[in-house]
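For reference, final11.txt (compact mmCIF, C-alpha atoms and all ligand atoms):
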# COMPACT_ATOMS: atom_id res chain seq x y z
CA MET N 1 14.27 -4.76 28.98
CA SER N 2 12.56 -7.88 30.24
CA ASP N 3 14.56 -11.03 30.04
CA ALA N 4 11.47 -13.20 30.39
CA LYS N 5 11.54 -15.67 27.53
CA THR N 6 8.16 -15.16 25.93
CA PRO N 7 8.22 -15.96 22.23
CA LEU N 8 5.80 -14.23 19.90
CA PRO N 9 2.96 -16.72 19.19
CA ALA N 10 3.54 -18.48 15.88
CA GLU N 11 0.13 -17.44 14.58
CA ALA N 12 1.47 -13.87 14.44
CA LEU N 13 2.74 -14.84 10.99
CA ASN N 14 -0.84 -15.48 9.82
CA HIS N 15 -1.45 -11.73 9.94
CA LEU N 16 1.53 -10.78 7.78
CA ASP N 17 -0.43 -10.21 4.55
CA ALA N 18 -3.01 -8.05 6.33
CA LEU N 19 -0.34 -5.99 8.09
CA TYR N 20 1.62 -5.53 4.88
CA ASN N 21 -1.54 -4.49 3.06
CA LEU N 22 -2.24 -1.70 5.55
CA ALA N 23 1.44 -0.73 5.49
CA ARG N 24 1.21 -0.28 1.72
CA TRP N 25 -1.63 2.18 2.24
CA LEU N 26 0.35 4.04 4.88
CA ALA N 27 3.84 4.13 3.41
CA ARG N 28 4.90 5.91 0.28
CA ASP N 29 6.34 2.97 -1.55
CA PRO N 30 6.66 -0.81 -1.24
CA THR N 31 10.16 -0.59 0.24
CA GLU N 32 8.98 1.66 3.04
CA ALA N 33 6.04 -0.66 3.62
CA GLU N 34 8.41 -3.62 3.98
CA ASP N 35 10.56 -1.71 6.44
CA LEU N 36 7.48 -0.76 8.40
CA VAL N 37 6.21 -4.33 8.67
CA GLN N 38 9.66 -5.64 9.47
CA GLU N 39 9.98 -3.20 12.35
CA THR N 40 6.47 -4.06 13.52
CA TYR N 41 7.46 -7.71 13.92
CA LEU N 42 10.73 -6.79 15.59
CA ARG N 43 8.84 -4.71 18.10
CA ALA N 44 6.26 -7.47 18.58
CA ILE N 45 9.02 -10.02 19.20
CA ARG N 46 10.59 -7.68 21.75
CA ALA N 47 7.29 -6.91 23.45
CA ALA N 48 5.85 -10.45 23.30
CA HIS N 49 5.87 -10.67 27.09
CA GLN N 50 3.39 -7.75 27.16
CA PHE N 51 0.89 -9.61 25.04
CA GLN N 52 -1.81 -11.34 27.09
CA PRO N 53 -2.59 -14.77 25.65
CA GLY N 54 -6.26 -15.11 24.81
CA THR N 55 -6.63 -11.44 23.86
CA ASN N 56 -6.74 -10.23 20.30
CA LEU N 57 -3.32 -10.84 18.73
CA ARG N 58 -4.39 -9.40 15.38
CA ALA N 59 -5.52 -6.09 16.90
CA TRP N 60 -2.37 -5.95 19.00
CA LEU N 61 -0.16 -6.34 15.91
CA PHE N 62 -2.09 -3.66 14.03
CA GLN N 63 -1.69 -1.36 17.00
CA ILE N 64 2.07 -1.87 16.90
CA LEU N 65 2.09 -1.28 13.14
CA ARG N 66 0.31 2.02 13.49
CA ASN N 67 2.52 3.15 16.38
CA THR N 68 5.55 2.24 14.32
CA PHE N 69 4.20 4.21 11.41
CA PHE N 70 3.72 7.22 13.66
CA THR N 71 7.16 7.17 15.19
CA ARG N 72 8.90 6.49 11.89
CA TYR N 73 7.08 8.56 9.32
CA LYS N 74 4.45 10.78 10.78
CA ARG N 75 6.83 12.47 13.19
CA LYS N 76 9.01 13.48 10.28
CA GLY N 77 6.03 15.23 8.74
CA ARG N 78 6.49 13.21 5.62
CA GLU N 79 2.90 12.55 4.82
CA PRO N 80 1.29 15.58 3.29
CA GLU N 81 -2.28 15.63 4.54
CA VAL N 82 -4.96 17.11 2.36
CA MET N 83 -6.58 18.34 5.51
CA ASP N 84 -5.68 17.98 9.15
CA PRO N 85 -7.83 15.18 10.61
CA GLU N 86 -7.99 17.01 13.93
CA VAL N 87 -9.58 19.98 12.21
CA LEU N 88 -11.96 17.71 10.33
CA ASP N 89 -12.90 15.95 13.57
CA ARG N 90 -13.95 19.21 15.20
CA MET N 91 -16.33 20.07 12.40
CA SER N 92 -19.89 18.95 12.71
CA THR N 93 -20.90 15.79 10.88
CA LEU N 94 -24.50 16.75 10.99
CA GLU N 95 -25.18 19.67 8.74
CA GLY N 96 -25.02 17.46 5.71
CA PRO N 97 -22.66 18.73 3.04
CA THR N 98 -20.92 21.46 5.04
CA GLY N 99 -18.45 22.14 2.31
CA VAL N 100 -15.70 20.19 4.04
CA GLU N 101 -16.35 17.12 1.93
CA ASN N 102 -16.64 19.27 -1.14
CA ARG N 103 -13.40 21.02 -0.37
CA LEU N 104 -11.63 17.70 -0.06
CA ALA N 105 -13.23 16.27 -3.13
CA GLY N 106 -13.10 19.57 -4.94
CA PRO N 107 -13.60 19.36 -8.67
CA GLN N 108 -11.52 22.53 -9.12
CA ASP N 109 -8.31 20.51 -9.45
CA GLY N 110 -9.82 18.12 -11.94
CA THR N 111 -9.91 15.15 -9.61
CA ALA N 112 -13.60 14.39 -9.67
CA GLY N 113 -14.22 10.83 -10.68
CA LEU N 114 -11.03 9.44 -9.21
CA ASP N 115 -10.78 5.70 -9.03
CA LEU N 116 -11.02 3.99 -5.68
CA THR N 117 -7.29 3.67 -5.05
CA ALA N 118 -6.68 7.33 -5.76
CA ALA N 119 -9.69 8.33 -3.67
CA LEU N 120 -8.50 6.31 -0.68
CA LYS N 121 -5.02 7.74 -0.98
CA ARG N 122 -6.48 11.19 -0.89
CA LEU N 123 -8.13 10.68 2.47
CA PRO N 124 -6.21 11.93 5.50
CA GLU N 125 -4.29 9.00 6.97
CA ALA N 126 -6.42 8.82 10.12
CA TYR N 127 -9.54 8.46 7.98
CA ARG N 128 -7.99 6.06 5.48
CA SER N 129 -6.84 3.80 8.31
CA VAL N 130 -10.28 3.74 9.91
CA VAL N 131 -11.91 2.81 6.60
CA LEU N 132 -9.41 0.05 5.83
CA LEU N 133 -9.51 -1.38 9.35
CA ALA N 134 -13.32 -1.39 9.30
CA ASP N 135 -14.01 -2.55 5.75
CA VAL N 136 -10.99 -4.59 4.68
CA GLU N 137 -9.98 -6.03 8.06
CA ASP N 138 -13.48 -6.04 9.55
CA PHE N 139 -12.37 -4.83 12.98
CA SER N 140 -15.07 -3.64 15.38
CA MET N 141 -15.29 0.03 16.34
CA GLY N 142 -13.85 -0.81 19.76
CA GLU N 143 -10.85 -2.62 18.26
CA ILE N 144 -10.20 0.24 15.85
CA ALA N 145 -10.34 2.71 18.73
CA ARG N 146 -7.67 0.67 20.50
CA ILE N 147 -5.51 0.36 17.40
CA MET N 148 -5.78 4.07 16.64
CA ASP N 149 -5.56 5.08 20.30
CA CYS N 150 -8.61 7.34 20.16
CA PRO N 151 -12.18 7.29 21.55
CA VAL N 152 -14.79 5.04 19.91
CA GLY N 153 -16.89 8.11 19.10
CA THR N 154 -14.01 9.55 17.09
CA VAL N 155 -13.71 6.31 15.12
CA LYS N 156 -17.41 6.36 14.34
CA SER N 157 -17.46 9.95 13.19
CA ARG N 158 -14.29 9.50 11.13
CA LEU N 159 -15.81 6.48 9.42
CA PHE N 160 -19.03 8.35 8.76
CA ARG N 161 -17.19 11.34 7.35
CA ALA N 162 -14.80 9.20 5.34
CA ARG N 163 -17.80 7.62 3.62
CA ALA N 164 -19.15 11.01 2.70
CA ILE N 165 -15.78 12.13 1.31
CA LEU N 166 -15.28 8.90 -0.65
CA LYS N 167 -18.76 9.01 -2.06
CA GLU N 168 -18.09 12.54 -3.25
CA LEU N 169 -14.68 11.65 -4.70
CA LEU N 170 -16.13 8.66 -6.49
CA ARG N 171 -19.25 10.29 -7.78
CA ASP N 172 -18.35 9.76 -11.40
CA TYR N 173 -16.75 6.39 -10.84
CA ALA N 174 -18.59 3.74 -12.83
CA SER N 175 -19.94 1.15 -10.46
CA MET Q 1 -33.55 8.98 18.70
CA GLU Q 2 -31.80 12.04 17.27
CA CYS Q 3 -29.89 12.16 13.98
CA ALA Q 4 -26.55 12.51 15.76
CA GLU Q 5 -27.03 9.33 17.72
CA ALA Q 6 -28.48 7.43 14.78
CA ARG Q 7 -25.52 8.31 12.57
CA GLU Q 8 -23.06 7.04 15.15
CA HIS Q 9 -24.70 3.63 14.81
CA LEU Q 10 -25.18 3.35 11.03
CA SER Q 11 -21.97 1.47 10.36
CA ASP Q 12 -22.56 -1.00 13.18
CA LEU Q 13 -26.15 -1.46 12.02
CA ASN Q 14 -24.96 -2.48 8.56
CA ARG Q 15 -22.48 -4.89 10.08
CA GLY Q 16 -25.03 -6.41 12.46
CA HIS Q 17 -23.00 -5.30 15.47
CA LEU Q 18 -25.83 -3.57 17.36
CA GLU Q 19 -27.86 -4.98 20.21
CA ALA Q 20 -31.47 -5.70 19.24
CA GLY Q 21 -32.94 -2.73 21.15
CA THR Q 22 -30.50 -0.19 19.71
CA ALA Q 23 -30.84 -1.62 16.22
CA GLU Q 24 -34.60 -1.28 16.50
CA ALA Q 25 -34.36 2.37 17.59
CA VAL Q 26 -31.91 3.23 14.80
CA ARG Q 27 -34.13 1.56 12.20
CA ALA Q 28 -37.14 3.45 13.50
CA HIS Q 29 -35.29 6.76 13.13
CA VAL Q 30 -33.97 5.88 9.66
CA GLY Q 31 -37.51 4.94 8.63
CA GLN Q 32 -38.71 8.48 9.12
CA CYS Q 33 -35.57 10.53 8.37
CA ALA Q 34 -34.65 10.84 4.70
CA SER Q 35 -31.21 12.20 5.34
CA CYS Q 36 -30.23 9.36 7.72
CA ALA Q 37 -31.74 6.86 5.28
CA ALA Q 38 -29.51 8.26 2.54
CA ALA Q 39 -26.52 8.11 4.87
CA LEU Q 40 -27.28 4.48 5.70
CA GLN Q 41 -27.41 3.60 2.03
CA ARG Q 42 -24.15 5.45 1.35
CA GLU Q 43 -22.60 3.58 4.26
CA ALA Q 44 -23.44 0.21 2.72
CA GLU Q 45 -22.56 1.29 -0.82
CA VAL Q 46 -19.10 2.63 -0.03
CA ARG Q 47 -18.30 -0.33 2.22
CA ALA Q 48 -19.30 -2.80 -0.50
CA LEU Q 49 -17.25 -0.89 -3.07
CA ILE Q 50 -14.15 -0.96 -0.86
CA GLN Q 51 -14.56 -4.64 -0.12
CA ALA Q 52 -14.98 -5.49 -3.77
CA ARG Q 53 -12.54 -3.09 -5.40
CA ALA Q 54 -9.83 -1.87 -3.04
CA PRO Q 55 -6.57 -3.50 -4.18
CA ARG Q 56 -4.95 -5.90 -1.68
CA TYR Q 57 -1.22 -6.10 -1.48
CA PRO Q 58 0.15 -9.50 -0.37
CA ALA Q 59 3.42 -9.51 1.56
CA PRO Q 60 6.49 -10.18 -0.63
CA PRO Q 61 7.87 -13.71 -0.09
CA ALA Q 62 11.28 -12.35 0.90
CA LEU Q 63 9.74 -10.30 3.70
CA ARG Q 64 7.87 -13.36 4.90
CA SER Q 65 11.04 -15.45 5.08
CA ARG Q 66 12.92 -12.73 6.96
CA ILE Q 67 10.17 -12.45 9.55
CA GLN Q 68 9.83 -16.21 9.79
CA ALA Q 69 13.58 -16.44 10.41
CA ALA Q 70 13.47 -13.72 13.06
CA MET Q 71 10.59 -15.45 14.85
CA ALA Q 72 12.29 -18.84 14.68
CA GLN Q 73 15.53 -17.43 16.04
CA ASP Q 74 13.59 -15.84 18.84
CA ALA Q 75 11.65 -18.98 19.69
CA PHE Q 76 14.68 -21.26 19.75
CA GLY Q 77 17.12 -19.00 21.54
CA GLY Q 78 20.54 -18.54 19.97
CA PRO Q 79 21.94 -17.26 17.91
CA GLY Q 80 18.93 -14.97 18.05
CA TRP Q 81 18.77 -11.32 18.74
CA ARG Q 82 18.63 -11.79 22.51
CA ALA Q 83 21.96 -13.60 22.42
CA LEU Q 84 23.22 -10.90 20.14
CA LEU Q 85 22.21 -8.19 22.56
CA ARG Q 86 23.86 -9.95 25.47
CA SER Q 87 27.08 -10.04 23.51
CA HIS Q 88 26.92 -6.27 23.03
CA PRO Q 89 26.91 -4.98 26.62
CA TRP Q 90 27.07 -1.32 25.61
CA THR Q 91 23.48 -1.50 24.45
CA VAL Q 92 22.09 -2.94 27.65
CA GLY Q 93 19.49 -0.69 29.19
CA SER Q 94 18.82 1.18 26.00
CA LEU Q 95 15.89 -0.13 24.07
CA ALA Q 96 16.44 2.20 21.18
CA GLY Q 97 20.11 1.39 21.09
CA ALA Q 98 19.38 -2.30 21.22
CA ILE Q 99 17.04 -2.11 18.28
CA ALA Q 100 19.50 0.05 16.40
CA VAL Q 101 22.29 -2.49 16.85
CA LEU Q 102 19.93 -5.25 15.89
CA LEU Q 103 18.95 -3.47 12.70
CA LEU Q 104 22.56 -2.64 11.98
CA VAL Q 105 23.71 -6.23 12.31
CA TRP Q 106 20.84 -7.67 10.32
CA GLY Q 107 21.02 -4.77 7.95
CA GLY Q 108 24.46 -5.88 6.90
CA THR Q 109 23.28 -9.39 6.19
CA LEU Q 110 19.60 -9.79 5.58
CA TRP Q 111 17.44 -6.80 6.07
CA MET Q 112 18.49 -3.71 4.31
CA ALA Q 113 21.58 -4.34 2.28
CA ARG Q 114 19.99 -3.57 -1.03
CA ASP Q 115 21.87 -1.88 -3.83
CA PRO Q 116 19.98 0.82 -5.77
CA VAL Q 117 19.17 -1.50 -8.67
CA SER Q 118 17.66 -4.06 -6.28
CA ARG Q 119 15.57 -1.40 -4.64
CA LEU Q 120 14.53 -0.14 -8.04
CA ALA Q 121 13.64 -3.68 -9.10
CA ALA Q 122 11.67 -4.37 -5.93
CA GLN Q 123 9.66 -1.21 -6.28
CA ALA Q 124 9.07 -1.66 -10.00
CA VAL Q 125 7.83 -5.22 -9.49
CA ALA Q 126 5.43 -4.06 -6.80
CA GLU Q 127 4.12 -1.35 -9.11
CA HIS Q 128 3.79 -3.87 -11.93
CA VAL Q 129 1.70 -6.17 -9.73
CA GLU Q 130 -0.45 -3.26 -8.66
CA TYR Q 131 -1.05 -2.16 -12.26
CA ALA Q 132 -1.95 -5.68 -13.32
CA LYS Q 133 -4.59 -5.80 -10.58
CA GLU Q 134 -5.89 -2.37 -11.47
CA MET Q 135 -6.12 -3.07 -15.19
CA MET Q 136 -8.29 -6.14 -14.88
CA ASN Q 137 -11.83 -5.56 -16.10
CA ARG Q 138 -11.07 -2.08 -17.30
CA PRO Q 139 -12.05 -0.81 -20.69
CA ILE Q 140 -9.03 -0.46 -22.96
CA PRO Q 141 -8.34 3.11 -24.04
CA ASP Q 142 -7.10 3.74 -27.54
CA PRO Q 143 -3.28 3.81 -27.66
CA PRO Q 144 -2.75 7.15 -29.44
CA ALA Q 145 -4.95 8.97 -26.91
CA LEU Q 146 -3.20 7.25 -24.06
CA VAL Q 147 0.26 8.17 -25.33
CA LYS Q 148 -0.85 11.71 -25.96
CA GLU Q 149 -2.14 12.12 -22.43
CA LEU Q 150 1.02 10.71 -20.91
CA ARG Q 151 3.12 13.00 -23.08
CA SER Q 152 1.58 15.97 -21.31
CA GLN Q 153 2.30 14.51 -17.87
CA VAL Q 154 6.04 13.85 -17.98
CA ASP Q 155 8.78 16.33 -18.72
CA PHE Q 156 10.91 14.07 -20.90
CA SER Q 157 10.42 12.61 -24.34
CA PHE Q 158 9.75 8.88 -24.57
CA GLU Q 159 8.62 8.46 -28.15
CA PRO Q 160 8.47 6.55 -30.40
CA ILE Q 161 6.97 3.87 -28.22
CA PHE Q 162 5.69 0.35 -28.92
CA ARG Q 163 1.89 0.62 -29.10
CA GLY Q 164 1.02 -3.04 -29.22
CA ASP Q 165 0.34 -5.45 -32.07
CA SER Q 166 -1.85 -8.46 -32.84
CA GLN Q 167 -0.50 -10.40 -29.83
CA VAL Q 168 -0.22 -7.78 -27.16
CA GLN Q 169 -2.28 -4.71 -26.34
CA LEU Q 170 -1.17 -1.48 -24.75
CA VAL Q 171 -3.72 -1.16 -21.95
CA ALA Q 172 -2.47 1.75 -19.85
CA GLY Q 173 -0.02 4.60 -19.63
CA LEU Q 174 0.65 5.98 -16.18
CA VAL Q 175 2.91 8.37 -14.39
CA SER Q 176 4.90 6.48 -11.81
CA ASP Q 177 7.43 7.35 -9.17
CA LEU Q 178 10.43 5.03 -8.91
CA LEU Q 179 12.82 5.79 -6.04
CA GLY Q 180 11.76 9.41 -6.19
CA LYS Q 181 12.16 9.76 -9.95
CA ARG Q 182 9.24 10.43 -12.22
CA ALA Q 183 8.77 7.64 -14.71
CA ALA Q 184 6.36 6.87 -17.52
CA ALA Q 185 4.88 3.40 -17.19
CA PHE Q 186 3.29 1.49 -20.07
CA VAL Q 187 1.26 -1.60 -19.30
CA TYR Q 188 0.74 -4.29 -21.95
CA ARG Q 189 -1.52 -7.32 -21.80
CA ASP Q 190 -1.37 -10.41 -23.97
CA GLY Q 191 -4.20 -12.72 -25.07
CA SER Q 192 -3.82 -14.92 -21.97
CA GLY Q 193 -4.11 -12.01 -19.57
CA ARG Q 194 -0.41 -11.77 -18.73
CA TYR Q 195 1.00 -8.34 -18.10
CA THR Q 196 4.23 -6.62 -19.00
CA THR Q 197 5.13 -3.20 -17.66
CA LEU Q 198 7.68 -0.90 -19.28
CA PHE Q 199 9.07 1.93 -17.17
CA LEU Q 200 10.91 4.80 -18.85
CA MET Q 201 12.74 7.55 -17.01
CA PRO Q 202 15.65 9.91 -17.57
CA GLU Q 203 18.83 7.85 -17.33
CA ALA Q 204 20.73 10.21 -15.02
CA GLY Q 205 21.72 8.42 -11.82
CA THR Q 206 20.87 4.93 -13.03
CA THR Q 207 23.76 2.55 -13.59
CA ILE Q 208 23.09 -0.64 -15.52
CA PRO Q 209 24.96 -3.45 -13.72
CA ALA Q 210 27.69 -4.98 -15.89
CA GLU Q 211 26.91 -8.51 -14.78
CA ASN Q 212 24.01 -10.77 -15.80
CA ARG Q 213 23.64 -9.41 -19.30
CA MET Q 214 21.20 -11.32 -21.47
CA PRO Q 215 22.15 -11.44 -25.16
CA ILE Q 216 19.06 -10.77 -27.30
CA GLU Q 217 20.12 -10.41 -30.93
CA THR Q 218 22.57 -7.51 -30.81
CA PHE Q 219 21.36 -6.16 -27.45
CA LYS Q 220 22.55 -7.01 -23.97
CA PRO Q 221 20.15 -5.78 -21.29
CA HIS Q 222 20.78 -6.57 -17.64
CA HIS Q 223 18.57 -9.46 -16.55
CA ARG Q 224 17.38 -10.58 -13.14
CA VAL Q 225 14.45 -12.35 -11.53
CA THR Q 226 12.67 -10.44 -8.76
CA SER Q 227 9.74 -11.91 -6.86
CA GLY Q 228 9.41 -14.57 -9.54
CA ARG Q 229 9.23 -12.11 -12.43
CA HIS Q 230 11.73 -11.50 -15.18
CA LEU Q 231 13.14 -8.04 -15.30
CA LEU Q 232 15.30 -6.35 -17.94
CA LEU Q 233 17.13 -3.07 -17.49
CA TRP Q 234 18.86 -1.13 -20.27
CA LYS Q 235 19.48 2.32 -21.67
CA GLN Q 236 18.25 3.69 -24.94
CA ARG Q 237 18.79 7.27 -26.08
CA ASP Q 238 18.81 9.25 -22.84
CA LEU Q 239 16.36 6.97 -21.05
CA ALA Q 240 16.73 4.21 -18.52
CA CYS Q 241 14.29 1.45 -19.43
CA LEU Q 242 12.97 -1.24 -17.14
CA LEU Q 243 10.79 -4.08 -18.35
CA ILE Q 244 8.95 -6.42 -15.96
CA SER Q 245 6.84 -9.27 -17.14
CA ASP Q 246 4.63 -12.15 -16.17
CA LEU Q 247 5.93 -13.86 -19.34
CA ASP Q 248 8.59 -16.56 -19.41
CA GLU Q 249 12.15 -15.79 -20.40
CA ALA Q 250 11.83 -16.45 -24.15
CA GLU Q 251 8.56 -14.57 -24.50
CA MET Q 252 10.02 -11.73 -22.48
CA ALA Q 253 12.98 -11.54 -24.89
CA ALA Q 254 10.57 -11.33 -27.84
CA MET Q 255 8.66 -8.55 -26.07
CA PHE Q 256 11.94 -6.73 -25.43
CA LEU Q 257 12.77 -6.81 -29.14
CA LYS Q 258 9.41 -5.30 -30.08
CA ILE Q 259 9.93 -2.49 -27.62
CA ARG Q 260 13.59 -1.94 -28.39
CA LYS Q 261 13.01 -1.88 -32.15
CA ALA Q 262 10.06 0.47 -31.95
CA ALA Q 263 12.22 3.06 -30.22
ZN ZN R 1 -31.82 11.53 11.03
Structure encoded using structure tokens:
Amino acid sequence: MSDAKTPLPAEALNHLDALYNLARWLARDPTEAEDLVQETYLRAIRAAHQFQPGTNLRAWLFQILRNTFFTRYKRKGREPEVMDPEVLDRMSTLEGPTGVENRLAGPQDGTAGLDLTAALKRLPEAYRSVVLLADVEDFSMGEIARIMDCPVGTVKSRLFRARAILKELLRDYAS
Amino acid sequence: MECAEAREHLSDLNRGHLEAGTAEAVRAHVGQCASCAAALQREAEVRALIQARAPRYPAPPALRSRIQAAMAQDAFGGPGWRALLRSHPWTVGSLAGAIAVLLLVWGGTLWMARDPVSRLAAQAVAEHVEYAKEMMNRPIPDPPALVKELRSQVDFSFEPIFRGDSQVQLVAGLVSDLLGKRAAAFVYRDGSGRYTTLFLMPEAGTTIPAENRMPIETFKPHHRVTSGRHLLLWKQRDLACLLISDLDEAEMAAMFLKIRKAA
């Protein structure tokens, strides 16, 4: 533990709403989301000396949030995934509708025409996070890759595939 | 440029993040490839939909104050968590242990000491806020159909139920999950766009606190204010009932009577 007295920059608080918003999409309920964000700030306070002033504080906080989510929830296997993102990643994005999107969106369980919230919740977490970081938080592909700790190419293909899945899930959703 | 490469760039193209040369090459490919053109359009469509429609959840004020306090304590030294750690030498050298002690100490005071009813209230309020956001601009379904559909989705009986009147409309019936228990949630909206959510669930395991009872005619539901909203908790038949409202206290009491008397 470093004893260097480096306080977390005060502007860290400006990102609270954004961090809590993502936490709500990750956690199962609002209480878990609060715990997640609370621990994110605790970790950030502890690790403030590792933050390099002038670099992207917002991306750094999101990275801590996602790591915290992983160690707290993911490890326990508490999030049932519709489909393993690793398996999805290995499948080609290029053959158009390969059936993967259809399987995820599958009308057989009566879920066609879900609303947007339900559709987003149905995405595997790794895909949902990429979409929210890109569209709601407007992070660049490079920042998302850092936050998610994966290659930029993976971010791009997850985003591309997430769009296809969402479009399919929302096909009956009145626009 | 091949399809594979073009598709990698579609999202950045829409966001104007590509260098001029790359953007040009991607546009040229999209111009002559129907499937990439469709993908580009889908890209923009879905992104716009998410930006316009995905619900945003603002941080609860209580969470904000706790984090603010933790940051202030940290910035100004004692009696912050660093001082706390120094006074607990058995944790030195163990990051996990240090955080555990920290959480334990704060847990007893600020962070996690929530009784079940407070947790229930916090979650119900958050759901209420979410429903209110979701219901805006939605067509109103007809109450009998809505009640009928919900009846098939929960395994307990909740009828008869207040279906609205000239002042307040029943706008949604949803299945909810409160602290792991399945609940039926009814959302009402009044003429000024204020929402009231009624949660019904089997009463087993829910204790109505004896304190803070609000006398409303002959009834005495438990009353509290959570995140600025009035909340009533009571039992009727074999159900635990939780009412959360954007209304003020008097209007909330009137709403309670309508619901209580319909049952
Ligand atoms: Zn193409």
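Counting from CA of Thr40 (chain N), the distance to CA of Leu178 (chain Q) is 24.5 Å.
In this structure, the chain Q residues at most 7 Å away from chain N are Q:Ala4, Q:Glu8, Q:Glu43, Q:Val46, Q:Arg47, Q:Ile50, Q:Gln51, Q:Ala54, Q:Arg56, Q:Tyr57, Q:Pro58, Q:Ala59, Q:Leu63, Q:Ile67, Q:Asp74, Q:Ala75, Q:Gly93, Q:Leu95, Q:Gln123, Q:Ala126, with all atoms listed in the file considered.
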Select the residues contacting ligand ZN 1 (chain R) at a distance of at most 7 Å, based on only C-alpha atoms and all ligand atoms, then format the selection as a PyMOL selection string. chain Q and resi 2-3+6+29-30+33-36
Selected residues written out, C-alpha atoms, as a JSON list (two decimals), in the frame of the given file:
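Okay, part_6.json is ready:
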[["chain", "number", "residue", "atom", "x", "y", "z"],
["Q", 2, "GLU", "CA", -31.80, 12.04, 17.27],
["Q", 3, "CYS", "CA", -29.89, 12.16, 13.98],
["Q", 6, "ALA", "CA", -28.48, 7.43, 14.78],
["Q", 29, "HIS", "CA", -35.29, 6.76, 13.13],
["Q", 30, "VAL", "CA", -33.97, 5.88, 9.66],
["Q", 33, "CYS", "CA", -35.57, 10.53, 8.37],
["Q", 34, "ALA", "CA", -34.65, 10.84, 4.70],
["Q", 35, "SER", "CA", -31.21, 12.20, 5.34],
["Q", 36, "CYS", "CA", -30.23, 9.36, 7.72]]
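One distance worth recording is that between CA of Ala37 (chain Q) and CA of Ala25 (chain Q), which is 13.4 Å.
Of note, CA of Leu123 (chain N) and CA of Leu169 (chain N) are spaced 9.8 Å apart.
The point (11.5, -3.3, -8.0) has these residues within 9 Å of it when all atoms listed in the file are used: Pro30 and Thr31 of chain N; Val117, Ser118, Arg119, Leu120, Ala121, Ala122, Gln123, Ala124, Val125, Ala126, Glu127, His128, Leu178, Thr226, Ser227, Leu231 and Ile244 of chain Q.
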Pick out the residues sitting within 12 Å of Glu149 (chain Q), and hand them over as a PyMOL selection string; count only C-alpha atoms, and ignore anything fewer than 4 positions along from it in its own chain. chain Q and resi 141-145+153-154+172-175+184
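Comparing Q:Leu18, Q:Val187, Q:Met255, Q:Val168 by their smallest distance to Tyr131 (chain Q), the closest is Q:Val187 (using all atoms listed in the file).
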Which residues are near Gly191 (chain Q)? Cut-off 10 Å, only C-alpha atoms, ignore same chain within fewer than 4 positions. Put them as a ChimeraX atom specification. /Q:166-169,195
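Of the residues listed (N:Ile147, N:Asn56, N:Thr68, N:Leu61), N:Ile147 shows the shortest atom-to-atom separation from Leu133 (chain N); distances use all atoms listed in the file.
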Which is closest to Gln63 (chain N) among N:Val130, N:Ile165, N:Ala118, N:Met148, if we use all atoms listed in the file? N:Met148
Start from the incomplete input, build N, CA, C and O atoms for region 226-233 of chain Q, and deliver everything as an mmCIF file, in the coordinates of the input.
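Saved as out.cif:
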data_model
loop_
_atom_site.group_PDB
_atom_site.id
_atom_site.type_symbol
_atom_site.label_atom_id
_atom_site.label_comp_id
_atom_site.auth_asym_id
_atom_site.auth_seq_id
_atom_site.Cartn_x
_atom_site.Cartn_y
_atom_site.Cartn_z
ATOM 1 N N THR Q 226 13.068 -11.034 -10.042
ATOM 2 C CA THR Q 226 12.670 -10.440 -8.760
ATOM 3 C C THR Q 226 11.251 -10.866 -8.451
ATOM 4 O O THR Q 226 10.371 -10.707 -9.287
ATOM 5 N N SER Q 227 11.059 -11.419 -7.270
ATOM 6 C CA SER Q 227 9.740 -11.910 -6.860
ATOM 7 C C SER Q 227 9.105 -12.774 -7.953
ATOM 8 O O SER Q 227 7.927 -12.633 -8.260
ATOM 9 N N GLY Q 228 9.913 -13.633 -8.551
ATOM 10 C CA GLY Q 228 9.410 -14.570 -9.540
ATOM 11 C C GLY Q 228 9.122 -13.983 -10.908
ATOM 12 O O GLY Q 228 8.577 -14.662 -11.767
ATOM 13 N N ARG Q 229 9.489 -12.713 -11.116
ATOM 14 C CA ARG Q 229 9.230 -12.110 -12.430
ATOM 15 C C ARG Q 229 10.534 -11.714 -13.110
ATOM 16 O O ARG Q 229 11.450 -11.237 -12.458
ATOM 17 N N HIS Q 230 10.551 -11.904 -14.428
ATOM 18 C CA HIS Q 230 11.730 -11.500 -15.180
ATOM 19 C C HIS Q 230 11.767 -9.995 -15.338
ATOM 20 O O HIS Q 230 10.739 -9.362 -15.553
ATOM 21 N N LEU Q 231 12.972 -9.489 -15.251
ATOM 22 C CA LEU Q 231 13.140 -8.040 -15.300
ATOM 23 C C LEU Q 231 14.346 -7.729 -16.185
ATOM 24 O O LEU Q 231 15.386 -8.374 -16.068
ATOM 25 N N LEU Q 232 14.186 -6.781 -17.091
ATOM 26 C CA LEU Q 232 15.300 -6.350 -17.940
ATOM 27 C C LEU Q 232 15.528 -4.853 -17.717
ATOM 28 O O LEU Q 232 14.576 -4.090 -17.569
ATOM 29 N N LEU Q 233 16.799 -4.476 -17.704
ATOM 30 C CA LEU Q 233 17.130 -3.070 -17.490
ATOM 31 C C LEU Q 233 18.162 -2.668 -18.545
ATOM 32 O O LEU Q 233 19.153 -3.365 -18.735
#
